[in-house]
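S.K.: Quick one: the structure is below, questions incoming.
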Amino acid sequence: LVMSVPEDAFLSLDIVKPDRELSALYQHPLLASMPSMMLSLVLLRERLRGENSSFARYISVFPREFSIPMFFEPDELAALQPSHVHHLALVRARNHARQYCHLYALLASRAAQSIPARDFTFDAFSWAVGVVMTRQNMVPSRSYD
């Protein structure tokens, strides 16, 4: 054994089950079918908690920008033409925007306390998705195997 990390140090979906609000959100079909999307909301909620989050120091070291196609500027996307990657990047960007709109409406309709709609900006959501997409690892889960 080289290193051991206690399970309560994981930023994972295990946080969801004991939290009534997050657990209710996770019942939504979009979030239930896309655990990484739910994990993005968990991360964003913890970021919004600031220093009150037990993950604050961990979250503070995440990058603010990412060099993945979802974050490309239009000229960077255009440089991918005529490859198939260009099409895939556009589809991903469109799906990301749709997910944001859907989740914004969901959070606004539920008057979520931990992720208020006013704080659920496209940039904040994109940042959380970017972190999860670039750092997601399969770890054992007590609640959502």
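Just so we're on the same page: first chain in the structure tokens is A, next is B, and so on; residues restart at 1 for each chain, and ligands are numbered from 1 in the order they show up.
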Name all residues at most 12 Å from Pro35 of chain A (count only C-alpha atoms; drop same-chain ones fewer than 3 positions away) and give them as a ChimeraX atom specification.
M.R.: /A:12-14,16,25-32,38-42,129,132-133,136,138,141,144-145
S.K.: Using N, CA, C and O atoms, can you export the residues from the last selection as a CSV table (one decimal), in the first residue's frame?
M.R.:
chain,number,residue,atom,x,y,z
A,12,SER,N,-17.7,12.9,-3.9
A,12,SER,CA,-18.3,11.8,-4.6
A,12,SER,C,-19.9,11.9,-4.5
A,12,SER,O,-20.4,12.7,-3.7
A,13,LEU,N,-20.6,11.0,-5.1
A,13,LEU,CA,-22.0,11.0,-5.0
A,13,LEU,C,-22.5,10.5,-3.7
A,13,LEU,O,-23.6,10.6,-3.3
A,14,ASP,N,-21.6,9.9,-2.8
A,14,ASP,CA,-21.9,9.5,-1.5
A,14,ASP,C,-22.4,10.7,-0.7
A,14,ASP,O,-23.1,10.5,0.3
A,16,VAL,N,-24.5,12.8,-1.7
A,16,VAL,CA,-25.9,13.1,-2.2
A,16,VAL,C,-26.9,12.5,-1.2
A,16,VAL,O,-27.9,13.1,-0.8
A,25,LEU,N,-32.9,16.1,-6.0
A,25,LEU,CA,-32.5,16.5,-7.4
A,25,LEU,C,-32.0,15.2,-8.1
A,25,LEU,O,-32.2,15.1,-9.3
A,26,TYR,N,-31.3,14.3,-7.4
A,26,TYR,CA,-30.8,13.1,-8.1
A,26,TYR,C,-31.9,12.2,-8.6
A,26,TYR,O,-31.6,11.3,-9.4
A,27,GLN,N,-33.1,12.4,-8.1
A,27,GLN,CA,-34.2,11.6,-8.6
A,27,GLN,C,-34.7,12.0,-10.0
A,27,GLN,O,-35.4,11.3,-10.7
A,28,HIS,N,-34.3,13.2,-10.4
A,28,HIS,CA,-34.7,13.7,-11.7
A,28,HIS,C,-34.0,12.8,-12.8
A,28,HIS,O,-32.9,12.5,-12.7
A,29,PRO,N,-34.8,12.5,-13.8
A,29,PRO,CA,-34.3,11.6,-14.8
A,29,PRO,C,-33.0,12.0,-15.5
A,29,PRO,O,-32.1,11.1,-15.7
A,30,LEU,N,-32.8,13.2,-15.8
A,30,LEU,CA,-31.5,13.7,-16.4
A,30,LEU,C,-30.3,13.4,-15.4
A,30,LEU,O,-29.3,12.8,-15.9
A,31,LEU,N,-30.5,13.7,-14.2
A,31,LEU,CA,-29.4,13.5,-13.2
A,31,LEU,C,-29.2,12.1,-12.8
A,31,LEU,O,-28.1,11.6,-12.7
A,32,ALA,N,-30.3,11.4,-12.8
A,32,ALA,CA,-30.2,9.9,-12.4
A,32,ALA,C,-29.5,9.2,-13.5
A,32,ALA,O,-28.8,8.2,-13.3
A,38,MET,N,-24.6,15.0,-12.0
A,38,MET,CA,-24.9,15.2,-10.6
A,38,MET,C,-23.7,15.6,-9.8
A,38,MET,O,-23.7,16.4,-9.0
A,39,LEU,N,-22.6,14.9,-10.1
A,39,LEU,CA,-21.3,15.2,-9.5
A,39,LEU,C,-20.9,16.6,-9.7
A,39,LEU,O,-20.4,17.3,-8.9
A,40,SER,N,-21.2,17.1,-10.9
A,40,SER,CA,-20.9,18.5,-11.3
A,40,SER,C,-21.7,19.5,-10.4
A,40,SER,O,-21.2,20.5,-9.9
A,41,LEU,N,-22.9,19.1,-10.1
A,41,LEU,CA,-23.8,19.9,-9.2
A,41,LEU,C,-23.3,19.9,-7.8
A,41,LEU,O,-23.3,20.9,-7.1
A,42,VAL,N,-22.8,18.7,-7.4
A,42,VAL,CA,-22.3,18.6,-6.0
A,42,VAL,C,-21.0,19.5,-5.9
A,42,VAL,O,-20.9,20.2,-4.9
A,129,VAL,N,-18.5,21.3,-14.7
A,129,VAL,CA,-18.5,20.2,-15.7
A,129,VAL,C,-17.0,19.9,-16.2
A,129,VAL,O,-16.6,18.8,-16.3
A,132,VAL,N,-15.1,18.0,-13.5
A,132,VAL,CA,-15.5,16.6,-13.4
A,132,VAL,C,-15.0,15.9,-14.6
A,132,VAL,O,-14.5,14.7,-14.5
A,133,MET,N,-15.1,16.5,-15.8
A,133,MET,CA,-14.7,15.8,-17.0
A,133,MET,C,-13.2,15.5,-17.0
A,133,MET,O,-12.8,14.5,-17.6
A,136,GLN,N,-12.5,13.0,-13.3
A,136,GLN,CA,-13.4,12.0,-12.8
A,136,GLN,C,-12.6,10.6,-12.8
A,136,GLN,O,-12.0,10.2,-13.8
A,138,MET,N,-13.0,6.5,-11.3
A,138,MET,CA,-13.9,5.5,-10.7
A,138,MET,C,-13.4,5.2,-9.3
A,138,MET,O,-12.3,4.7,-9.1
A,141,SER,N,-18.2,3.4,-4.3
A,141,SER,CA,-19.3,4.2,-3.8
A,141,SER,C,-20.2,3.4,-2.9
A,141,SER,O,-20.6,2.3,-3.3
A,144,TYR,N,-24.1,4.6,-4.5
A,144,TYR,CA,-24.5,4.6,-5.9
A,144,TYR,C,-23.7,3.7,-6.8
A,144,TYR,O,-23.1,4.1,-7.8
A,145,ASP,N,-23.6,2.4,-6.4
A,145,ASP,CA,-22.8,1.5,-7.3
A,145,ASP,C,-23.5,1.1,-8.5
A,145,ASP,O,-24.6,1.1,-8.6
S.K.: For Leu44 of chain A, which of A:Leu88, A:Arg20, A:Ala56, A:Ser83 is the closest residue, counting only C-alpha atoms?
M.R.: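 Closest residue, counting only C-alpha atoms: A:Ala56.
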S.K.: Check the smallest atom-to-atom distance from each of A:Arg64, A:His86, A:Arg135, A:Ala24 to Asp123 of chain A using only C-alpha atoms, then report the winner.
M.R.: A:Arg64
S.K.: Pick from A:Ser54, A:Ser36, A:Ser126, A:Arg110: nearest to Ala93 of chain A, with only C-alpha atoms counted?
M.R.: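 Ranked by minimum distance to Ala93 of chain A, first place goes to A:Ser126.
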S.K.: List every residue of segment 22-65 of chain A that DSSP, applied to the backbone, labels as alpha helix (DSSP H), and write the result as a CSV table (one decimal) with C-alpha atoms, in the first residue's frame.
M.R.:
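Here's the written file out_18.csv:
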chain,number,residue,atom,x,y,z
A,22,LEU,CA,-29.4,16.9,-3.4
A,23,SER,CA,-31.1,13.5,-3.0
A,24,ALA,CA,-34.3,14.9,-4.4
A,25,LEU,CA,-32.5,16.5,-7.4
A,26,TYR,CA,-30.8,13.1,-8.1
A,29,PRO,CA,-34.3,11.6,-14.8
A,30,LEU,CA,-31.5,13.7,-16.4
A,31,LEU,CA,-29.4,13.5,-13.2
A,32,ALA,CA,-30.2,9.9,-12.4
A,33,SER,CA,-29.0,8.9,-15.9
A,35,PRO,CA,-24.0,10.6,-12.5
A,36,SER,CA,-21.2,12.9,-13.8
A,37,MET,CA,-23.8,15.7,-14.2
A,38,MET,CA,-24.9,15.2,-10.6
A,39,LEU,CA,-21.3,15.2,-9.5
A,40,SER,CA,-20.9,18.5,-11.3
A,41,LEU,CA,-23.8,19.9,-9.2
A,42,VAL,CA,-22.3,18.6,-6.0
A,43,LEU,CA,-19.0,20.2,-6.9
A,44,LEU,CA,-20.7,23.5,-7.7
A,45,ARG,CA,-22.6,23.4,-4.5
A,46,GLU,CA,-19.4,22.9,-2.5
A,47,ARG,CA,-17.8,25.7,-4.4
A,48,LEU,CA,-20.7,28.0,-3.5
A,49,ARG,CA,-20.4,27.1,0.1
A,56,ALA,CA,-12.7,24.3,0.1
A,57,ARG,CA,-9.0,23.9,0.0
A,58,TYR,CA,-9.2,21.0,-2.5
A,59,ILE,CA,-11.6,23.0,-4.8
A,60,SER,CA,-9.3,26.1,-4.6
S.K.: Provide the atom CA of Ala97 of chain A to atom CA of Leu77 of chain A distance in Å, to one decimal place.
M.R.: 15.9 Å
S.K.: Calculate how many Å separate atom CA of Gln113 of chain A from atom CA of Glu21 of chain A, rounding to one decimal.
M.R.: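 Computing it gives 8.0 Å between the two atoms.
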S.K.: Please report the interatomic distance between atom CA of Arg94 of chain A and atom CA of Pro63 of chain A in Å with one decimal.
M.R.: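 Going from atom CA of Arg94 of chain A over to atom CA of Pro63 of chain A covers 23.0 Å.
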S.K.: Which residues are close to Phe72 of chain A, i.e. within 12 Å by only C-alpha atoms, leaving aside same-chain residues fewer than 2 positions away? Reply as a list in words.
M.R.: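 With the cut-off at 12 Å, the set is Glu65, Phe66, Ser67, Ile68, Pro69, Met70, Pro74, Asp75, Glu76, Leu77, Ala78, Ala79, Leu80, His86, Ala89, Leu90, Arg92, Ala93, Ser126 and Gly130 of chain A.
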S.K.: Would you put the residues from that selection into a file with all heavy atoms, as a short mmCIF file (atom, residue, chain, number, x, y, z; two decimals), in the first residue's frame?
M.R.:
data_model
loop_
_atom_site.label_atom_id
_atom_site.label_comp_id
_atom_site.auth_asym_id
_atom_site.auth_seq_id
_atom_site.Cartn_x
_atom_site.Cartn_y
_atom_site.Cartn_z
N GLU A 65 -9.76 27.49 -16.02
CA GLU A 65 -9.93 27.32 -17.46
C GLU A 65 -9.42 25.95 -17.86
O GLU A 65 -8.54 25.40 -17.21
CB GLU A 65 -9.16 28.40 -18.22
CG GLU A 65 -9.63 29.80 -17.92
CD GLU A 65 -8.79 30.85 -18.63
OE1 GLU A 65 -7.83 30.48 -19.34
OE2 GLU A 65 -9.09 32.04 -18.47
N PHE A 66 -9.96 25.46 -18.98
CA PHE A 66 -9.60 24.14 -19.45
C PHE A 66 -9.32 24.18 -20.94
O PHE A 66 -9.93 24.96 -21.67
CB PHE A 66 -10.73 23.14 -19.16
CG PHE A 66 -11.07 23.05 -17.71
CD1 PHE A 66 -12.04 23.86 -17.15
CD2 PHE A 66 -10.39 22.16 -16.89
CE1 PHE A 66 -12.34 23.79 -15.80
CE2 PHE A 66 -10.68 22.09 -15.54
CZ PHE A 66 -11.66 22.91 -14.99
N SER A 67 -8.43 23.34 -21.39
CA SER A 67 -8.10 23.29 -22.82
C SER A 67 -8.74 22.06 -23.45
O SER A 67 -8.06 21.22 -24.04
CB SER A 67 -6.59 23.30 -23.03
OG SER A 67 -6.01 22.21 -22.35
N ILE A 68 -10.04 21.96 -23.29
CA ILE A 68 -10.82 20.89 -23.91
C ILE A 68 -11.82 21.54 -24.86
O ILE A 68 -12.20 22.70 -24.66
CB ILE A 68 -11.51 19.98 -22.87
CG1 ILE A 68 -12.43 20.79 -21.95
CG2 ILE A 68 -10.47 19.21 -22.06
CD1 ILE A 68 -13.21 19.95 -20.94
N PRO A 69 -12.25 20.84 -25.90
CA PRO A 69 -13.10 21.46 -26.92
C PRO A 69 -14.34 22.19 -26.40
O PRO A 69 -14.75 23.18 -26.98
CB PRO A 69 -13.49 20.28 -27.82
CG PRO A 69 -12.33 19.35 -27.70
CD PRO A 69 -11.87 19.48 -26.26
N MET A 70 -14.90 21.74 -25.30
CA MET A 70 -16.08 22.40 -24.75
C MET A 70 -15.80 23.87 -24.41
O MET A 70 -16.71 24.69 -24.37
CB MET A 70 -16.53 21.65 -23.50
CG MET A 70 -17.87 22.08 -22.99
SD MET A 70 -18.39 21.05 -21.61
CE MET A 70 -17.54 21.84 -20.26
N PRO A 74 -14.61 30.24 -30.83
CA PRO A 74 -15.03 29.90 -32.20
C PRO A 74 -13.87 29.67 -33.17
O PRO A 74 -13.92 28.74 -33.98
CB PRO A 74 -15.89 31.09 -32.61
CG PRO A 74 -16.45 31.60 -31.33
CD PRO A 74 -15.35 31.39 -30.31
N ASP A 75 -12.82 30.49 -33.09
CA ASP A 75 -11.69 30.30 -34.01
C ASP A 75 -10.94 28.99 -33.73
O ASP A 75 -10.43 28.35 -34.64
CB ASP A 75 -10.75 31.50 -33.99
CG ASP A 75 -10.13 31.75 -32.62
OD1 ASP A 75 -10.84 31.59 -31.60
OD2 ASP A 75 -8.94 32.12 -32.57
N GLU A 76 -10.91 28.58 -32.47
CA GLU A 76 -10.27 27.31 -32.12
C GLU A 76 -11.10 26.14 -32.64
O GLU A 76 -10.55 25.15 -33.13
CB GLU A 76 -10.07 27.20 -30.60
CG GLU A 76 -9.10 28.21 -30.03
CD GLU A 76 -9.08 28.21 -28.52
OE1 GLU A 76 -10.17 28.38 -27.92
OE2 GLU A 76 -7.99 28.04 -27.95
N LEU A 77 -12.42 26.26 -32.52
CA LEU A 77 -13.30 25.22 -33.07
C LEU A 77 -13.17 25.14 -34.58
O LEU A 77 -13.11 24.05 -35.15
CB LEU A 77 -14.76 25.50 -32.70
CG LEU A 77 -15.19 25.10 -31.31
CD1 LEU A 77 -16.60 25.61 -31.02
CD2 LEU A 77 -15.12 23.60 -31.12
N ALA A 78 -13.10 26.31 -35.23
CA ALA A 78 -12.99 26.34 -36.69
C ALA A 78 -11.71 25.65 -37.16
O ALA A 78 -11.68 25.03 -38.22
CB ALA A 78 -13.03 27.78 -37.19
N ALA A 79 -10.67 25.73 -36.34
CA ALA A 79 -9.40 25.09 -36.70
C ALA A 79 -9.51 23.57 -36.75
O ALA A 79 -8.65 22.91 -37.34
CB ALA A 79 -8.30 25.51 -35.73
N LEU A 80 -10.56 23.03 -36.15
CA LEU A 80 -10.75 21.57 -36.16
C LEU A 80 -11.37 21.08 -37.47
O LEU A 80 -11.42 19.88 -37.72
CB LEU A 80 -11.65 21.16 -34.99
CG LEU A 80 -11.11 21.39 -33.59
CD1 LEU A 80 -12.18 21.04 -32.55
CD2 LEU A 80 -9.84 20.59 -33.35
N HIS A 86 -14.43 18.15 -35.18
CA HIS A 86 -15.16 19.41 -35.22
C HIS A 86 -16.64 19.17 -34.96
O HIS A 86 -17.27 19.83 -34.12
CB HIS A 86 -14.95 20.11 -36.57
CG HIS A 86 -15.68 21.40 -36.69
ND1 HIS A 86 -16.84 21.52 -37.42
CD2 HIS A 86 -15.43 22.62 -36.15
CE1 HIS A 86 -17.27 22.76 -37.34
NE2 HIS A 86 -16.44 23.45 -36.58
N ALA A 89 -17.24 18.12 -31.34
CA ALA A 89 -17.11 19.25 -30.42
C ALA A 89 -18.36 20.13 -30.46
O ALA A 89 -18.82 20.61 -29.41
CB ALA A 89 -15.87 20.06 -30.76
N LEU A 90 -18.91 20.34 -31.65
CA LEU A 90 -20.13 21.15 -31.76
C LEU A 90 -21.32 20.45 -31.11
O LEU A 90 -22.12 21.09 -30.42
CB LEU A 90 -20.44 21.44 -33.23
CG LEU A 90 -19.47 22.38 -33.93
CD1 LEU A 90 -19.85 22.53 -35.40
CD2 LEU A 90 -19.41 23.74 -33.26
N ARG A 92 -21.16 18.31 -28.66
CA ARG A 92 -20.92 18.38 -27.20
C ARG A 92 -21.29 19.75 -26.66
O ARG A 92 -21.92 19.88 -25.61
CB ARG A 92 -19.46 18.03 -26.89
CG ARG A 92 -19.12 18.11 -25.43
CD ARG A 92 -19.83 17.02 -24.63
NE ARG A 92 -19.63 17.24 -23.22
CZ ARG A 92 -20.60 17.58 -22.38
NH1 ARG A 92 -21.83 17.71 -22.78
NH2 ARG A 92 -20.34 17.78 -21.12
N ALA A 93 -20.90 20.80 -27.35
CA ALA A 93 -21.22 22.16 -26.91
C ALA A 93 -22.73 22.39 -26.90
O ALA A 93 -23.27 22.99 -25.95
CB ALA A 93 -20.52 23.18 -27.81
N SER A 126 -20.28 25.39 -16.35
CA SER A 126 -19.24 24.91 -17.27
C SER A 126 -17.97 24.58 -16.52
O SER A 126 -17.30 23.57 -16.80
CB SER A 126 -18.96 25.96 -18.35
OG SER A 126 -20.11 26.15 -19.14
N GLY A 130 -16.30 20.99 -16.41
CA GLY A 130 -14.91 20.87 -16.84
C GLY A 130 -14.05 20.16 -15.80
O GLY A 130 -13.23 19.30 -16.13
#
